[in-house]
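With mmCIF, C-alpha atoms inside, this is final38.cif:
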data_run
#
loop_
_atom_site.group_PDB
_atom_site.id
_atom_site.type_symbol
_atom_site.label_atom_id
_atom_site.label_comp_id
_atom_site.auth_asym_id
_atom_site.auth_seq_id
_atom_site.Cartn_x
_atom_site.Cartn_y
_atom_site.Cartn_z
ATOM 1 C CA MET V 1 -82.297 13.410 15.342
ATOM 2 C CA PRO V 2 -85.456 11.542 16.409
ATOM 3 C CA ASP V 3 -85.049 8.544 18.713
ATOM 4 C CA ASN V 4 -86.023 6.056 16.015
ATOM 5 C CA GLN V 5 -83.329 7.298 13.605
ATOM 6 C CA LYS V 6 -79.943 5.602 13.323
ATOM 7 C CA VAL V 7 -76.465 6.684 12.273
ATOM 8 C CA HIS V 8 -74.565 4.489 9.827
ATOM 9 C CA VAL V 9 -70.896 4.846 8.873
ATOM 10 C CA ILE V 10 -69.373 3.854 5.540
ATOM 11 C CA GLY V 11 -65.596 3.516 5.527
ATOM 12 C CA ASN V 12 -62.537 1.359 5.822
ATOM 13 C CA GLU V 13 -62.352 -1.477 8.311
ATOM 14 C CA ASP V 14 -60.510 0.481 11.020
ATOM 15 C CA ILE V 15 -62.954 3.394 11.051
ATOM 16 C CA VAL V 16 -66.023 1.153 10.963
ATOM 17 C CA LEU V 17 -64.608 -0.825 13.889
ATOM 18 C CA MET V 18 -63.935 2.354 15.901
ATOM 19 C CA PHE V 19 -67.494 3.590 15.336
ATOM 20 C CA SER V 20 -68.880 0.157 16.233
ATOM 21 C CA LEU V 21 -67.240 0.524 19.657
ATOM 22 C CA LEU V 22 -69.535 3.536 20.097
ATOM 23 C CA GLY V 23 -72.562 1.463 19.100
ATOM 24 C CA ILE V 24 -72.813 2.833 15.556
ATOM 25 C CA ASP V 25 -73.445 0.382 12.734
ATOM 26 C CA GLY V 26 -71.243 0.523 9.673
ATOM 27 C CA THR V 27 -70.347 -0.973 6.347
ATOM 28 C CA VAL V 28 -66.779 -1.632 5.229
ATOM 29 C CA ILE V 29 -66.047 -0.414 1.698
ATOM 30 C CA LYS V 30 -62.831 -1.453 0.019
ATOM 31 C CA ASN V 31 -63.208 0.543 -3.208
ATOM 32 C CA ASN V 32 -65.336 3.199 -4.901
ATOM 33 C CA GLU V 33 -67.156 0.649 -7.062
ATOM 34 C CA ASN V 34 -69.233 -0.674 -4.139
ATOM 35 C CA PHE V 35 -69.918 2.730 -2.590
ATOM 36 C CA LEU V 36 -72.940 3.792 -4.656
ATOM 37 C CA GLU V 37 -74.612 0.402 -4.244
ATOM 38 C CA VAL V 38 -74.250 0.556 -0.443
ATOM 39 C CA PHE V 39 -75.203 4.237 -0.313
ATOM 40 C CA ASN V 40 -78.383 3.696 -2.341
ATOM 41 C CA LEU V 41 -79.443 0.828 -0.081
ATOM 42 C CA LEU V 42 -78.882 2.920 3.047
ATOM 43 C CA GLN V 43 -80.532 6.106 1.820
ATOM 44 C CA ASN V 44 -83.718 4.173 1.057
ATOM 45 C CA LYS V 45 -83.982 2.842 4.628
ATOM 46 C CA SER V 46 -86.352 5.036 6.625
ATOM 47 C CA GLU V 47 -84.572 4.284 9.927
ATOM 48 C CA ILE V 48 -81.266 5.782 8.698
ATOM 49 C CA GLY V 49 -81.128 9.444 9.750
ATOM 50 C CA MET V 50 -77.445 10.094 9.110
ATOM 51 C CA ILE V 51 -74.712 8.536 6.985
ATOM 52 C CA ILE V 52 -71.091 9.272 7.872
ATOM 53 C CA ILE V 53 -68.675 8.677 4.998
ATOM 54 C CA THR V 54 -65.032 8.187 5.941
ATOM 55 C CA ILE V 55 -63.335 7.032 2.746
ATOM 56 C CA ASN V 56 -61.663 8.770 -0.160
ATOM 57 C CA LEU V 57 -64.036 8.914 -3.099
ATOM 58 C CA SER V 58 -63.752 9.856 -6.742
ATOM 59 C CA THR V 59 -64.712 13.328 -7.942
ATOM 60 C CA GLU V 60 -67.765 11.881 -9.710
ATOM 61 C CA ILE V 61 -69.054 10.371 -6.472
ATOM 62 C CA PHE V 62 -68.436 13.638 -4.590
ATOM 63 C CA ASP V 63 -70.430 15.478 -7.253
ATOM 64 C CA PHE V 64 -73.211 12.909 -6.854
ATOM 65 C CA LEU V 65 -73.197 13.427 -3.062
ATOM 66 C CA ILE V 66 -73.320 17.202 -3.424
ATOM 67 C CA ASP V 67 -76.332 16.899 -5.726
ATOM 68 C CA PHE V 68 -77.906 14.443 -3.297
ATOM 69 C CA LYS V 69 -77.385 16.833 -0.364
ATOM 70 C CA LEU V 70 -78.926 19.699 -2.341
ATOM 71 C CA ASP V 71 -81.996 17.682 -3.311
ATOM 72 C CA ASN V 72 -82.622 15.649 -0.138
ATOM 73 C CA ARG V 73 -82.976 16.555 3.505
ATOM 74 C CA LYS V 74 -82.811 12.963 4.750
ATOM 75 C CA PRO V 75 -80.633 11.208 5.466
ATOM 76 C CA LEU V 76 -78.064 13.752 6.565
ATOM 77 C CA ILE V 77 -74.748 13.064 4.849
ATOM 78 C CA HIS V 78 -71.487 13.928 6.584
ATOM 79 C CA LEU V 79 -68.084 13.442 5.006
ATOM 80 C CA LEU V 80 -65.440 12.893 7.640
ATOM 81 C CA PRO V 81 -61.974 13.714 6.251
ATOM 82 C CA ASP V 82 -59.042 11.437 6.920
ATOM 83 C CA ILE V 83 -57.655 13.253 9.953
ATOM 84 C CA PHE V 84 -54.546 11.071 9.978
ATOM 85 C CA GLN V 85 -53.527 12.401 6.577
ATOM 86 C CA GLU V 86 -50.996 15.242 6.453
ATOM 87 C CA ASN V 87 -52.654 18.577 5.549
ATOM 88 C CA PHE V 88 -56.064 16.903 5.563
ATOM 89 C CA GLU V 89 -57.869 20.251 5.467
ATOM 90 C CA LYS V 90 -56.417 20.917 1.990
ATOM 91 C CA ASN V 91 -57.916 17.656 0.689
ATOM 92 C CA ASP V 92 -61.466 18.297 1.926
ATOM 93 C CA VAL V 93 -63.479 18.275 -1.305
ATOM 94 C CA PHE V 94 -66.515 20.121 0.086
ATOM 95 C CA LEU V 95 -64.371 22.808 1.680
ATOM 96 C CA ASN V 96 -62.404 23.263 -1.546
ATOM 97 C CA LYS V 97 -65.635 23.615 -3.546
ATOM 98 C CA ILE V 98 -66.846 26.284 -1.111
ATOM 99 C CA TYR V 99 -63.545 28.186 -1.456
ATOM 100 C CA ASP V 100 -63.787 27.926 -5.240
ATOM 101 C CA SER V 101 -67.361 29.233 -5.204
ATOM 102 C CA ILE V 102 -66.437 32.133 -2.921
ATOM 103 C CA GLY V 103 -63.458 32.956 -5.101
ATOM 104 C CA ASP V 104 -65.642 32.967 -8.215
ATOM 105 C CA THR V 105 -68.152 35.249 -6.468
ATOM 106 C CA ILE V 106 -65.612 37.688 -5.049
ATOM 107 C CA PHE V 107 -63.321 37.980 -8.024
#

Could you express the structure from this file as structure tokens?
Amino acid sequence: MPDNQKVHVIGNEDIVLMFSLLGIDGTVIKNNENFLEVFNLLQNKSEIGMIIITINLSTEIFDFLIDFKLDNRKPLIHLLPDIFQENFEKNDVFLNKIYDSIGDTIF
């Protein structure tokens, strides 16, 4: 990522605070309703090179993010699963969509 690009995290208060200790700016989101408003503001800022999302989102918002990732190279979007959740790998929406796509292709 170029030197003039910044990383921004969107998540709950604990995660945003942990990233701020590393010098990464963040926005606390308490519910899905505010997410798209914050995301749209951030993705339009030229200095934002990467957005890390660390909250559980609705299926509609995940679908929106997938479409966004397919259509846009910048900013890079990374969904960080809740690693404190039991069996977190089973709840990873992107990973599950990849498995579903592979299954549809193979079978």

Point-to-point distance in Å for atom CA of V:Ser58 and atom CA of V:Lys6
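Separation of atom CA of V:Lys6 and atom CA of V:Ser58: 26.1 Å.
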
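The nearest approach to V:Asn56 among the residues V:Val9, V:Met18, V:Leu41, V:Ile29, with all atoms listed in the file taken into account, belongs to V:Ile29.
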
Provide the atom CA of V:Glu60 to atom CA of V:Leu17 distance in Å, to one decimal place.
27.0 Å

For V:Leu80, list every protein, DNA or RNA residue within 9 Å, evaluated using only C-alpha atoms, and leave out those in the same chain fewer than 5 positions away; present the list as a PyMOL selection string.
chain V and resi 52-55+92

Quick one: write out the picked residues with C-alpha atoms as a CSV table (one decimal), in the frame of the given file?
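Now in part-v1.csv:
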chain,number,residue,atom,x,y,z
V,52,ILE,CA,-71.1,9.3,7.9
V,53,ILE,CA,-68.7,8.7,5.0
V,54,THR,CA,-65.0,8.2,5.9
V,55,ILE,CA,-63.3,7.0,2.7
V,92,ASP,CA,-61.5,18.3,1.9

Atom CA of V:Leu57 to atom CA of V:Gln5: how many Å, to one decimal?
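Atom CA of V:Leu57 sits 25.6 Å away from atom CA of V:Gln5.
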
For this file, the PyMOL selection byres ((chain V and resi 38) around 12) selects which residues, as a PyMOL selection string?
chain V and resi 8-11+26-37+39-45+51+53

What do you get, as a short mmCIF file (atom, residue, chain, number, x, y, z; two decimals) with C-alpha atoms, in the coordinates of the input, if you spell out every residue that the PyMOL selection byres ((chain V and resi 76) around 10) selects here?
data_model
loop_
_atom_site.label_atom_id
_atom_site.label_comp_id
_atom_site.auth_asym_id
_atom_site.auth_seq_id
_atom_site.Cartn_x
_atom_site.Cartn_y
_atom_site.Cartn_z
CA MET V 1 -82.30 13.41 15.34
CA VAL V 7 -76.46 6.68 12.27
CA GLN V 43 -80.53 6.11 1.82
CA ILE V 48 -81.27 5.78 8.70
CA GLY V 49 -81.13 9.44 9.75
CA MET V 50 -77.44 10.09 9.11
CA ILE V 51 -74.71 8.54 6.98
CA ILE V 52 -71.09 9.27 7.87
CA PHE V 68 -77.91 14.44 -3.30
CA LYS V 69 -77.39 16.83 -0.36
CA ASN V 72 -82.62 15.65 -0.14
CA ARG V 73 -82.98 16.56 3.50
CA LYS V 74 -82.81 12.96 4.75
CA PRO V 75 -80.63 11.21 5.47
CA ILE V 77 -74.75 13.06 4.85
CA HIS V 78 -71.49 13.93 6.58
#

Taking into account only C-alpha atoms, which residue in the set V:Ile24, V:Asp14, V:Leu79, V:Phe19 is nearest to V:Phe62?
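Closest candidate: V:Leu79.
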